[in-house]
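These notes are about the structure you will find just below.
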Amino acid sequence: MVSREVAPFVLMFVVLGLIGCGRDAQKDIAQKEQGDMVCLKRADLKLIAGSLNRNTASMEAAINSGADVNVTVEGLGPPIVITALGDNYSGVQLLLDRGANINAEDNEGYTALINASLSNNPDVVRLLLS
């Protein structure tokens, strides 16, 4: 689980690691199938950034631009797990409304429900249980 204090630094390293990515979508798909680092779509990066920054408007704009609500970034996890950690009720609701996998896990096995519970976010816990 990435703490709120560390998350911006993790995102910076993720973004820096993706700077050299090409624009060849077929190549990116082939890399993904081979298990190599994959270049994320700009919209996916914006969604992750919005999740980390608790910015629901930014998250919605990213989704409307084609972001995958279930995209997973190594070391961070999917947006719903990140958003639940940040006590962003409206962000979690947005992701659920747009089809996010409520059972998605980060690389340590934490789900949105676990993160909301550990972060003492009772409103988000109730939302995830409803």
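Scheme for the structure tokens: letters A, B, ... for chains in order shown; per-chain residue numbers from 1; ligand numbers from 1 in order shown.
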
Distance query stretch 97-105 of chain A at most 10 Å, only C-alpha atoms, self and fewer than 6 positions along chain excluded, as a PyMOL selection string: chain A and resi 1+60+63-64+68-72+76-82+91+111-114+128-129

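Between atom CA of A:Asp106 and atom CA of A:Ser51 lies a distance of 13.8 Å.
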
Neighbours of A:Asn88 within 8 Å (only C-alpha atoms; same-chain residues fewer than 5 positions away dropped), as a PyMOL selection string? chain A and resi 54+56+83+124

Restricting the output to N, CA and C atoms, write the selected residues as a compact mmCIF listing (two decimals), in the first residue's frame.
```
# COMPACT_ATOMS: atom_id res chain seq x y z
N ARG A 54 -6.68 13.15 -5.25
CA ARG A 54 -8.07 13.27 -4.78
C ARG A 54 -8.84 14.31 -5.58
N THR A 56 -11.52 14.57 -8.20
CA THR A 56 -12.57 13.85 -8.91
C THR A 56 -12.84 14.44 -10.29
N THR A 83 -7.84 5.60 -4.80
CA THR A 83 -8.85 6.60 -4.43
C THR A 83 -9.45 6.31 -3.06
N VAL A 124 -16.61 5.89 2.85
CA VAL A 124 -16.15 5.12 1.70
C VAL A 124 -16.36 3.63 1.96
```

Which of A:Leu40, A:Leu96, A:Leu85, A:Ala116 sits closest to A:Asn53 [using only C-alpha atoms]: A:Leu85

For the atom pair atom CA of A:Met59 and atom CA of A:Val125, what is the interatomic distance in Å to one decimal place?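 A separation of 20.0 Å between them.
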
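In terms of minimum interatomic distance to A:Asp87, A:Ser119 ranks closest within A:Ser119, A:Gly75, A:Ala62, A:Tyr110, counting only C-alpha atoms.
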
Run DSSP on the backbone and tell me which residues of stretch 70-105 of chain A come out as helix (DSSP H, G or I); list them as a ChimeraX atom specification. /A:79-85,89-97
